[in-house]
file structure20.txt (compact mmCIF, C-alpha atoms)
# COMPACT_ATOMS: atom_id res chain seq x y z
CA MET A 1 0.00 0.00 0.00
CA SER A 2 1.24 3.50 -0.74
CA GLU A 3 2.40 5.93 1.92
CA MET A 4 -0.68 8.06 1.38
CA GLY A 5 -2.91 5.01 1.45
CA ARG A 6 -1.55 3.91 4.80
CA LEU A 7 -2.19 7.38 6.16
CA GLY A 8 -5.80 7.12 5.17
CA GLY A 9 -6.23 10.47 3.45
CA LYS A 10 -5.59 14.12 3.79
CA ARG A 11 -7.26 14.82 7.10
CA ARG A 12 -4.78 12.65 8.95
CA MET A 13 -1.94 14.58 7.34
CA GLN A 14 -2.77 17.51 9.57
CA THR A 15 -1.91 15.60 12.72
CA LEU A 16 1.54 14.55 11.58
CA THR A 17 4.76 16.03 12.81
CA SER A 18 6.55 18.44 10.53
CA GLN A 19 9.35 15.92 10.07
CA ARG A 20 6.91 13.26 8.96
CA ARG A 21 5.22 15.69 6.57
CA ARG A 22 8.58 16.45 4.98
CA GLU A 23 9.26 12.73 4.55
CA ILE A 24 5.91 12.22 2.88
CA ALA A 25 6.41 15.16 0.57
CA ARG A 26 9.86 13.88 -0.36
CA LYS A 27 8.55 10.40 -1.14
CA ALA A 28 5.74 11.87 -3.21
CA GLY A 29 8.48 13.22 -5.46
CA LEU A 30 6.42 16.24 -6.44
CA ALA A 31 8.01 18.97 -4.42
CA ARG A 32 10.36 19.59 -1.57
CA TRP A 33 8.49 20.50 1.58
CA ALA A 34 9.24 24.19 1.73
CA LYS A 35 9.97 25.92 4.98
CA VAL A 36 6.86 27.79 6.00
CA SER A 37 7.16 31.29 7.33
CA PRO A 38 4.83 31.48 10.35
CA LYS A 39 3.68 34.92 9.21
CA THR A 40 2.83 33.59 5.76
CA ALA A 41 1.22 30.41 7.01
CA SER A 42 -1.23 32.28 9.20
CA HIS A 43 -1.75 35.15 6.80
CA PHE A 44 -5.36 36.38 6.85
CA GLY A 45 -6.41 33.58 9.18
CA ALA A 46 -7.64 36.16 11.69
CA GLU A 47 -9.52 38.10 9.01
CA LEU A 48 -11.13 35.00 7.57
CA GLY A 49 -12.14 33.90 11.05
CA TRP A 50 -13.76 37.28 11.67
CA LEU A 51 -15.66 37.12 8.36
CA SER A 52 -16.90 33.66 9.16
CA ARG A 53 -18.10 34.65 12.62
CA HIS A 54 -19.77 37.92 11.57
CA ARG A 55 -21.09 37.05 8.12
CA GLU A 56 -24.77 37.32 8.99
CA GLU A 57 -24.32 40.52 10.95
CA TYR A 58 -22.45 42.43 8.21
CA LEU A 59 -23.81 40.74 5.09
CA GLY A 60 -23.44 43.01 2.04
CA GLN A 61 -21.35 45.62 3.85
CA TRP A 62 -17.76 46.54 3.18
CA VAL A 63 -15.45 46.03 6.11
CA ALA A 64 -11.89 47.02 6.89
CA LEU A 65 -10.13 44.64 9.22
CA ASP A 66 -6.85 44.71 11.05
CA GLY A 67 -6.36 41.08 11.91
CA ALA A 68 -9.42 39.97 13.83
CA ARG A 69 -10.34 43.57 14.68
CA LEU A 70 -13.08 45.40 12.80
CA VAL A 71 -11.81 48.89 12.05
CA ALA A 72 -14.64 50.19 9.89
CA SER A 73 -17.77 49.06 8.10
CA GLY A 74 -19.95 50.82 5.56
CA SER A 75 -21.46 50.86 2.12
CA SER A 76 -18.31 51.53 0.09
CA ALA A 77 -14.80 50.16 -0.06
CA ARG A 78 -13.32 53.66 -0.29
CA GLU A 79 -15.15 54.79 2.83
CA VAL A 80 -13.95 51.91 5.00
CA TYR A 81 -10.44 52.09 3.56
CA LEU A 82 -10.12 55.77 4.44
CA ALA A 83 -11.54 55.15 7.91
CA ALA A 84 -8.96 52.44 8.47
CA ARG A 85 -6.13 54.71 7.33
CA ARG A 86 -7.36 57.45 9.65
CA ALA A 87 -7.34 54.86 12.44
CA GLY A 88 -3.68 54.20 11.73
CA VAL A 89 -4.03 50.90 9.86
CA MET A 90 -1.74 51.37 6.89
CA VAL A 91 -2.64 48.20 4.96
CA PRO A 92 -6.16 47.20 5.93
CA PHE A 93 -7.84 44.06 4.70
CA VAL A 94 -10.82 45.36 2.70
CA ASP A 95 -13.61 43.05 1.67
CA GLN A 96 -17.34 42.96 1.09
CA VAL A 97 -19.07 40.44 3.30
CA GLN A 98 -20.70 37.98 0.93
CA PRO A 99 -23.16 35.18 1.53
CA PRO A 100 -21.63 31.73 1.48
CA ASP A 101 -21.35 30.42 -2.09
CA ASP A 102 -24.35 28.27 -2.80
CA LEU A 103 -23.24 27.45 -6.34
CA PRO A 104 -19.80 26.33 -7.49
CA PHE A 105 -17.86 28.90 -9.52
CA GLY A 106 -17.22 27.91 -13.15
CA GLY A 107 -14.35 30.28 -13.84
CA TRP A 108 -14.36 33.13 -16.32
CA MET B 1 11.03 9.99 -15.64
CA ALA B 2 10.60 11.93 -12.42
CA HIS B 3 10.77 15.71 -12.28
CA ARG B 4 11.60 17.44 -9.03
CA LEU B 5 10.81 21.01 -8.17
CA ALA B 6 11.66 23.13 -5.16
CA PHE B 7 9.72 26.09 -3.86
CA ARG B 8 10.34 28.92 -1.46
CA GLN B 9 6.89 29.01 0.05
CA LEU B 10 4.09 26.68 0.96
CA TYR B 11 0.69 28.22 1.50
CA HIS B 12 -2.15 26.17 2.91
CA TYR B 13 -5.40 27.69 1.75
CA GLY B 14 -7.68 25.78 4.05
CA PRO B 15 -11.01 24.07 3.58
CA ALA B 16 -13.42 26.99 4.04
CA THR B 17 -13.50 28.46 0.53
CA PRO B 18 -14.53 26.95 -2.80
CA GLY B 19 -11.71 28.59 -4.81
CA ILE B 20 -7.97 28.83 -4.33
CA PRO B 21 -7.70 32.08 -2.41
CA VAL B 22 -4.35 33.66 -1.66
CA PRO B 23 -3.49 36.84 0.23
CA VAL B 24 -2.78 39.80 -2.03
CA THR B 25 -1.72 43.35 -1.31
CA LEU B 26 -2.29 46.04 -3.90
CA ARG B 27 -0.26 49.25 -3.76
CA ALA B 28 -0.86 52.35 -5.83
CA GLY B 29 1.30 55.27 -4.86
CA ARG B 30 1.01 55.63 -1.10
CA GLU B 31 -2.21 53.68 -0.84
CA SER B 32 -2.31 49.96 -0.05
CA LEU B 33 -4.84 47.41 0.92
CA SER B 34 -5.08 43.66 1.27
CA LEU B 35 -7.63 41.26 -0.10
CA LEU B 36 -8.08 37.66 -1.10
CA ALA B 37 -7.91 36.70 -4.77
CA ASN B 38 -8.43 33.32 -6.34
CA VAL B 39 -5.73 31.77 -8.45
CA ASP B 40 -7.20 31.13 -11.89
CA THR B 41 -4.86 29.47 -14.38
CA GLY B 42 -7.50 29.91 -17.08
CA SER B 43 -7.50 33.68 -16.79
CA THR B 44 -5.10 35.52 -19.09
CA VAL B 45 -4.79 38.49 -16.76
CA CYS B 46 -5.23 39.47 -13.12
CA ILE B 47 -8.62 41.04 -12.46
CA PHE B 48 -9.77 42.86 -9.36
CA ARG B 49 -12.97 44.52 -8.26
CA ARG B 50 -13.84 48.07 -9.19
CA ASP B 51 -14.39 48.84 -5.52
CA HIS B 52 -10.79 48.02 -4.70
CA ALA B 53 -9.56 50.43 -7.40
CA GLU B 54 -11.78 53.12 -5.93
CA ALA B 55 -10.58 52.36 -2.41
CA LEU B 56 -7.02 52.90 -3.62
CA GLY B 57 -8.02 56.22 -5.13
CA LEU B 58 -7.32 55.13 -8.71
CA GLN B 59 -9.09 56.98 -11.49
CA LEU B 60 -10.40 53.77 -12.98
CA GLU B 61 -11.36 55.05 -16.42
CA HIS B 62 -7.92 56.62 -16.89
CA GLY B 63 -6.45 53.13 -17.21
CA VAL B 64 -5.96 51.00 -20.31
CA ARG B 65 -9.38 49.97 -21.55
CA GLN B 66 -9.63 46.22 -22.16
CA ARG B 67 -12.57 43.95 -22.79
CA ILE B 68 -12.26 40.54 -21.17
CA ARG B 69 -13.85 37.48 -22.69
CA ALA B 70 -15.59 35.17 -20.25
CA ALA B 71 -17.51 31.92 -20.60
CA THR B 72 -20.87 33.64 -20.91
CA GLY B 73 -19.93 36.91 -22.61
CA ALA B 74 -17.48 39.75 -22.14
CA PHE B 75 -16.98 42.57 -19.69
CA GLU B 76 -15.08 45.82 -19.58
CA THR B 77 -11.97 46.42 -17.51
CA PHE B 78 -9.33 49.09 -17.13
CA GLY B 79 -5.66 48.23 -16.70
CA HIS B 80 -3.44 50.01 -14.19
CA LEU B 81 0.22 49.52 -13.41
CA ILE B 82 0.44 48.86 -9.70
CA SER B 83 2.51 46.98 -7.19
CA LEU B 84 1.13 43.52 -6.54
CA SER B 85 2.29 41.50 -3.54
CA VAL B 86 1.39 37.84 -3.25
CA LEU B 87 2.52 36.14 -0.06
CA ASP B 88 6.01 37.61 0.30
CA MET B 89 6.66 38.34 -3.39
CA GLN B 90 6.19 41.71 -4.95
CA PHE B 91 5.82 42.62 -8.62
CA GLU B 92 5.10 45.69 -10.65
CA ALA B 93 2.30 44.53 -12.89
CA LEU B 94 -0.41 45.71 -15.21
CA VAL B 95 -3.59 44.43 -13.61
CA TYR B 96 -7.18 45.01 -14.58
CA PHE B 97 -10.10 46.31 -12.60
CA ALA B 98 -13.65 45.51 -13.63
CA ALA B 99 -15.61 48.51 -14.82
CA SER B 100 -18.76 47.12 -13.27
CA SER B 101 -19.29 46.68 -9.56
CA GLU B 102 -21.33 43.62 -10.48
CA ILE B 103 -18.10 41.70 -11.03
CA THR B 104 -17.35 40.55 -7.51
CA ARG B 105 -14.48 38.13 -8.07
CA SER B 106 -10.79 38.92 -7.91
CA VAL B 107 -8.50 36.54 -9.75
CA LEU B 108 -4.78 36.08 -10.19
CA GLY B 109 -4.18 34.97 -13.76
CA ARG B 110 -1.24 34.50 -16.07
CA LEU B 111 0.02 37.96 -17.04
CA GLY B 112 1.32 39.76 -13.99
CA PHE B 113 1.28 36.77 -11.68
CA LEU B 114 1.70 33.27 -13.08
CA ASP B 115 4.28 34.49 -15.59
CA ARG B 116 6.38 35.80 -12.70
CA VAL B 117 6.46 32.71 -10.51
CA ARG B 118 7.00 29.01 -10.32
CA PHE B 119 3.82 27.50 -9.05
CA ALA B 120 2.49 24.11 -8.05
CA LEU B 121 -0.75 23.01 -6.54
CA ILE B 122 -1.77 19.92 -4.63
CA ASP B 123 -5.44 20.62 -4.20
CA TYR B 124 -6.00 17.35 -2.38
CA ASP B 125 -3.99 18.79 0.50
CA ARG B 126 -5.06 22.39 -0.29
CA ASN B 127 -1.42 23.32 -0.57
CA LEU B 128 -0.01 25.87 -2.97
CA TYR B 129 3.73 26.02 -3.62
CA LEU B 130 5.29 29.21 -4.83
CA SER B 131 8.62 30.77 -5.73
CA ALA B 132 9.64 33.75 -7.75
CA TYR B 133 10.52 32.55 -11.24
CA ASP B 134 14.18 33.52 -10.88
CA ASP B 135 14.56 32.18 -7.34
CA THR B 136 16.83 29.22 -7.92
CA ARG B 137 17.89 28.59 -4.32

call {"tool": "encode", "arguments": {"input": "structure20.txt", "output": "structure tokens"}}
result
Amino acid sequence: MSEMGRLGGKRRMQTLTSQRRREIARKAGLARWAKVSPKTASHFGAELGWLSRHREEYLGQWVALDGARLVASGSSAREVYLAARRAGVMVPFVDQVQPPDDLPFGGW
Amino acid sequence: MAHRLAFRQLYHYGPATPGIPVPVTLRAGRESLSLLANVDTGSTVCIFRRDHAEALGLQLEHGVRQRIRAATGAFETFGHLISLSVLDMQFEALVYFAASSEITRSVLGRLGFLDRVRFALIDYDRNLYLSAYDDTR
């Protein structure tokens, strides 16, 4: 049985040690397991968590986030961006809170 | 015959979204903001929302006018030369902003992104591997 088969699928991959993950990646022969920058690996995790938790509350609105902190909300991206800059957030995460996708996206 | 590739970064895009979203920062002059854009290997160019252009203070219609063909028709965009950061890589690139606010997807396509990087995807694990094209370390 293959290495992946013995592991029983992708979900179990997440519980493996980093050393074991590197071994598996090496044996797969597709790519070296790259060193992950902690900053990169967690990038936008806080923002995505906030969006998930507050989706119903802010549905349709534009929000500016600084990590998991809501800095501004409103009806336009420009408005919330400027509010975030005034609040001292130099690179805010700016997004419109959308309903969960109920249809798969077919590309352009 | 096996082919081996090495990458500088591994980004795990998680199970919560239907696309392949990656963190992007757009900079125009002194203005910058972050957003999520989906990698789309079928898109010739990088396309962002009109609202993000407006947030950055860009005069959208002063850009390079370009119609984009899509599966069900075509839509208007305007190209602007901006700084595009994806994970920890930064490029100067001509990217396109939709003229209509009805276009609510942002995508990273070939010109301006995929043609600047080495890229691999193992969607089964939701892992995206990335290096600058000329990063040979």

call {"tool": "residues_around", "arguments": {"input": "structure20.txt", "residues": "region 81-86 of chain B", "least_positions_apart": "3", "cutoff": "6 Å", "atoms": "only C-alpha atoms", "output": "MDAnalysis selection string"}}
result
chainID B and resid 24:28 89:94

call {"tool": "write_last_selection", "arguments": {"input": "structure20.txt", "atoms": "C-alpha atoms", "output": "PDB file, in the coordinates of the input"}}
result
ATOM      1  CA  VAL B  24      -2.780  39.800  -2.030  1.00  0.00           C
ATOM      2  CA  THR B  25      -1.720  43.350  -1.310  1.00  0.00           C
ATOM      3  CA  LEU B  26      -2.290  46.040  -3.900  1.00  0.00           C
ATOM      4  CA  ARG B  27      -0.260  49.250  -3.760  1.00  0.00           C
ATOM      5  CA  ALA B  28      -0.860  52.350  -5.830  1.00  0.00           C
ATOM      6  CA  MET B  89       6.660  38.340  -3.390  1.00  0.00           C
ATOM      7  CA  GLN B  90       6.190  41.710  -4.950  1.00  0.00           C
ATOM      8  CA  PHE B  91       5.820  42.620  -8.620  1.00  0.00           C
ATOM      9  CA  GLU B  92       5.100  45.690 -10.650  1.00  0.00           C
ATOM     10  CA  ALA B  93       2.300  44.530 -12.890  1.00  0.00           C
ATOM     11  CA  LEU B  94      -0.410  45.710 -15.210  1.00  0.00           C
TER      12      LEU B  94
END

call {"tool": "interface_residues", "arguments": {"input": "structure20.txt", "of": "chain B", "to": "chain A", "cutoff": "7 Å", "atoms": "all atoms listed in the file", "output": "ChimeraX atom specification"}}
result
/B:4-12,23,32-35,43,51-52,54-55,70-71,87,124-125

call {"tool": "atom_distance", "arguments": {"input": "structure20.txt", "atom1": "CA of Leu108 (chain B)", "atom2": "CA of Ala68 (chain A)"}}
result
24.8 Å

call {"tool": "axis_aligned_box", "arguments": {"input": "structure20.txt", "around": "region 62-75 of chain B", "padding_each_side": "8 Å", "output": "AutoDock Vina command-line options"}}
result
--center_x -13.4 --center_y 44.3 --center_z -19.8 --size_x 30.9 --size_y 40.7 --size_z 21.9

call {"tool": "atom_distance", "arguments": {"input": "structure20.txt", "atom1": "CA of Gly19 (chain B)", "atom2": "CA of Ala98 (chain B)"}}
result
19.2 Å

call {"tool": "residues_near_point", "arguments": {"input": "structure20.txt", "point": "(-14.0, 34.2, -4.7)", "cutoff": "9 Å", "atoms": "only C-alpha atoms", "output": "ChimeraX atom specification"}}
result
/A:101,105 /B:17-21,36-38,104-107

call {"tool": "closest_residue", "arguments": {"input": "structure20.txt", "among": "B:Leu114, B:Leu56, B:Ala2, B:Ala120", "to": "Thr44 (chain B)", "atoms": "only C-alpha atoms"}}
result
B:Leu114

call {"tool": "atom_distance", "arguments": {"input": "structure20.txt", "atom1": "CA of Gly109 (chain B)", "atom2": "CA of Tyr96 (chain B)"}}
result
10.5 Å

call {"tool": "residues_around", "arguments": {"input": "structure20.txt", "residues": "region 72-75 of chain B", "least_positions_apart": "2", "cutoff": "12 Å", "atoms": "all atoms listed in the file", "output": "MDAnalysis selection string"}}
result
(chainID A and resid 106:108) or (chainID B and resid 47 65:70 77:78 96:103)
